[in-house]
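One file, start_24.txt, is given below (compact mmCIF, C-alpha atoms).
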```txt
# COMPACT_ATOMS: atom_id res chain seq x y z
CA VAL S 1469 -30.88 12.07 -15.40
CA GLN S 1470 -30.85 8.53 -16.75
CA LEU S 1471 -27.51 7.08 -17.81
CA GLN S 1472 -26.83 4.02 -19.92
CA ALA S 1473 -23.25 2.78 -20.03
CA SER S 1474 -21.89 0.33 -22.58
CA GLY S 1475 -18.70 -0.83 -24.23
CA GLY S 1476 -17.08 -3.02 -21.64
CA GLY S 1477 -15.53 -6.34 -22.48
CA LEU S 1478 -12.46 -8.55 -22.36
CA VAL S 1479 -9.21 -7.21 -23.76
CA GLN S 1480 -5.57 -8.17 -23.54
CA ALA S 1481 -3.06 -6.04 -21.72
CA GLY S 1482 -1.88 -3.22 -23.95
CA GLY S 1483 -5.18 -3.14 -25.78
CA PHE S 1484 -7.91 -0.54 -25.88
CA LEU S 1485 -11.61 -0.11 -25.32
CA ARG S 1486 -14.05 2.75 -25.59
CA LEU S 1487 -16.87 3.07 -23.09
CA SER S 1488 -19.98 5.07 -23.89
CA CYS S 1489 -22.54 6.65 -21.61
CA THR S 1490 -25.75 7.99 -23.09
CA ALA S 1491 -27.73 10.43 -20.98
CA SER S 1492 -31.38 11.37 -21.05
CA GLY S 1493 -33.66 13.47 -18.91
CA ARG S 1494 -32.70 16.77 -17.35
CA ALA S 1495 -29.59 18.74 -18.18
CA PHE S 1496 -26.45 18.26 -16.13
CA ALA S 1497 -23.08 19.96 -15.78
CA TYR S 1498 -20.50 17.19 -15.44
CA MET S 1499 -20.12 13.55 -16.37
CA GLY S 1500 -17.75 11.45 -14.37
CA TRP S 1501 -16.33 7.97 -14.77
CA PHE S 1502 -15.61 5.74 -11.81
CA ARG S 1503 -14.55 2.15 -11.36
CA GLN S 1504 -14.88 -0.48 -8.68
CA THR S 1505 -13.50 -3.94 -8.01
CA PRO S 1506 -14.78 -6.50 -5.49
CA VAL S 1507 -11.87 -5.76 -3.17
CA ALA S 1508 -11.67 -1.98 -3.39
CA GLU S 1509 -13.86 1.04 -2.96
CA ARG S 1510 -15.17 2.85 -5.96
CA GLU S 1511 -12.57 5.24 -7.30
CA PHE S 1512 -12.66 8.26 -9.54
CA VAL S 1513 -11.27 7.81 -13.04
CA ALA S 1514 -12.05 10.92 -15.08
CA SER S 1515 -14.59 13.66 -15.57
CA ILE S 1516 -15.65 16.17 -18.17
CA ALA S 1517 -17.71 19.33 -18.14
CA TRP S 1518 -20.72 19.08 -20.41
CA THR S 1519 -19.93 22.51 -21.85
CA GLY S 1520 -16.50 23.94 -22.44
CA ASP S 1521 -13.27 21.99 -22.48
CA TRP S 1522 -12.59 21.15 -18.84
CA THR S 1523 -11.49 17.61 -18.06
CA ASN S 1524 -9.89 15.90 -15.09
CA TYR S 1525 -8.12 12.57 -14.67
CA ALA S 1526 -6.97 10.37 -11.85
CA ASP S 1527 -3.20 9.90 -11.78
CA PRO S 1528 -3.26 6.15 -12.63
CA VAL S 1529 -4.97 6.80 -15.97
CA LYS S 1530 -3.36 10.06 -17.07
CA GLY S 1531 -1.86 9.71 -20.51
CA ARG S 1532 -3.74 6.46 -21.18
CA PHE S 1533 -7.42 7.36 -20.89
CA THR S 1534 -9.24 10.18 -22.65
CA VAL S 1535 -12.67 11.47 -21.74
CA SER S 1536 -14.80 13.18 -24.36
CA ARG S 1537 -18.38 13.91 -25.24
CA ASP S 1538 -20.76 14.34 -28.16
CA ASN S 1539 -23.35 16.89 -27.15
CA ALA S 1540 -25.49 16.20 -30.19
CA LYS S 1541 -25.84 12.59 -29.05
CA ASN S 1542 -25.84 13.48 -25.35
CA THR S 1543 -23.19 10.82 -24.95
CA GLY S 1544 -19.92 10.74 -23.09
CA TYR S 1545 -16.98 8.50 -23.88
CA LEU S 1546 -14.03 7.07 -22.04
CA GLN S 1547 -11.33 5.99 -24.46
CA MET S 1548 -8.97 3.61 -22.68
CA THR S 1549 -5.62 2.68 -24.19
CA SER S 1550 -2.56 0.79 -22.98
CA LEU S 1551 -4.84 -1.16 -20.69
CA ARG S 1552 -3.33 -3.00 -17.75
CA PRO S 1553 -4.67 -5.90 -15.68
CA GLU S 1554 -5.10 -3.48 -12.78
CA ASP S 1555 -7.63 -1.55 -14.88
CA THR S 1556 -9.99 -4.51 -14.54
CA ALA S 1557 -13.14 -3.25 -12.84
CA VAL S 1558 -16.77 -2.38 -13.28
CA TYR S 1559 -16.85 1.08 -14.78
CA TYR S 1560 -19.66 3.50 -14.01
CA CYS S 1561 -20.64 6.78 -15.51
CA ALA S 1562 -22.27 9.41 -13.34
CA ALA S 1563 -23.68 12.91 -13.67
CA LYS S 1564 -23.89 15.91 -11.43
CA LEU S 1565 -25.96 18.98 -11.87
CA GLU S 1566 -23.42 21.60 -10.94
CA ASN S 1567 -19.93 22.10 -9.60
CA GLY S 1568 -19.64 21.68 -5.86
CA ARG S 1569 -22.33 19.03 -5.68
CA GLY S 1570 -21.89 15.29 -5.71
CA TYR S 1571 -22.66 12.84 -8.47
CA ALA S 1572 -26.31 12.11 -7.88
CA TYR S 1573 -27.06 10.09 -10.99
CA TRP S 1574 -25.40 6.80 -11.89
CA GLY S 1575 -25.42 4.38 -14.76
CA GLN S 1576 -25.60 0.64 -14.32
CA GLY S 1577 -21.91 -0.15 -14.80
CA THR S 1578 -20.06 -2.04 -17.48
CA LEU S 1579 -17.39 -4.65 -16.84
CA VAL S 1580 -13.90 -4.23 -18.23
CA THR S 1581 -11.57 -7.20 -17.92
CA VAL S 1582 -7.92 -6.89 -18.93
CA SER S 1583 -6.04 -10.15 -19.24
CA SER S 1584 -2.29 -10.39 -18.81
```

Written as structure tokens, that's how I'd like the structure from this file.
Amino acid sequence: VQLQASGGGLVQAGGFLRLSCTASGRAFAYMGWFRQTPVAEREFVASIAWTGDWTNYADPVKGRFTVSRDNAKNTGYLQMTSLRPEDTAVYYCAAKLENGRGYAYWGQGTLVTVSS
């Protein structure tokens, strides 16, 4: 699976951004979003099943971020609203082939910077 993430940028606190992740190659079961800063380990943000309506969110982003997908475009999205400076990070999309397995495929990351 090849993943291409885009949509990062600079935004003021309280603003919004939408990240995209376009997939190609073999089929997969889940797309996840993660983020990492220079001083912290990579952390889970959200995930979505590629079929059905299952989604999952980390507590810090619940109610502010929404994960979705467009199967026709083979693209996943992370809609981020009410952004906070602590959301500043490099965001990565990832894919896994089935439940119970790890995310084996990763995109290149896109930087989100939230200014106060």

Separation of atom CA of S:Gln1470 and atom CA of S:Gly1544, in Å?
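Computed distance, atom CA of S:Gln1470 to atom CA of S:Gly1544, equals 12.8 Å.
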
Residue among S:Leu1565, S:Leu1478, S:Leu1551, S:Leu1487 lying closest to S:Ala1517, counting all atoms listed in the file
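Checking each candidate against S:Ala1517, we get S:Leu1565 as the closest.
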
Would you mind reading off the distance between atom CA of S:Thr1523 and atom CA of S:Val1479, one decimal, in Å?
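Rounded to one decimal, the two atoms are 25.6 Å apart.
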
Grab the atom CA of S:Thr1534 to atom CA of S:Met1548 distance for me, in Å with one decimal place.
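So the two atoms, atom CA of S:Thr1534 and atom CA of S:Met1548, lie 6.6 Å apart.
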
Neighbour list for stretch 1505-1511 of chain S as a PyMOL selection string, cut-off 8 Å, only C-alpha atoms, skip fewer than 6 positions in-chain:
chain S and resi 1556-1558

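By chain and then residue number, the residues within 12 Å of S:Leu1485 are Ser1474, Gly1475, Gly1476, Gly1477, Leu1478, Val1479, Gln1480, Arg1532, Phe1533, Thr1534, Tyr1545, Leu1546, Gln1547, Met1548, Thr1549, Ser1550, Leu1551, Arg1552, Asp1555, Thr1556, Tyr1559, Thr1578, Leu1579, Val1580, Thr1581 and Val1582 of chain S, counting only C-alpha atoms and disregarding those fewer than 5 positions away in sequence.
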
Hey, can you pull every residue with an atom no more than 6 Å from (-11.3, 17.0, -22.3), using only C-alpha atoms, and send it as a ChimeraX atom specification?
/S:1521-1523,1535-1536

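Each of S:Pro1553, S:Gly1493, S:Gly1520, S:Pro1528 was compared to S:Ala1481 using all atoms listed in the file, and S:Pro1553 turns out to be the nearest.
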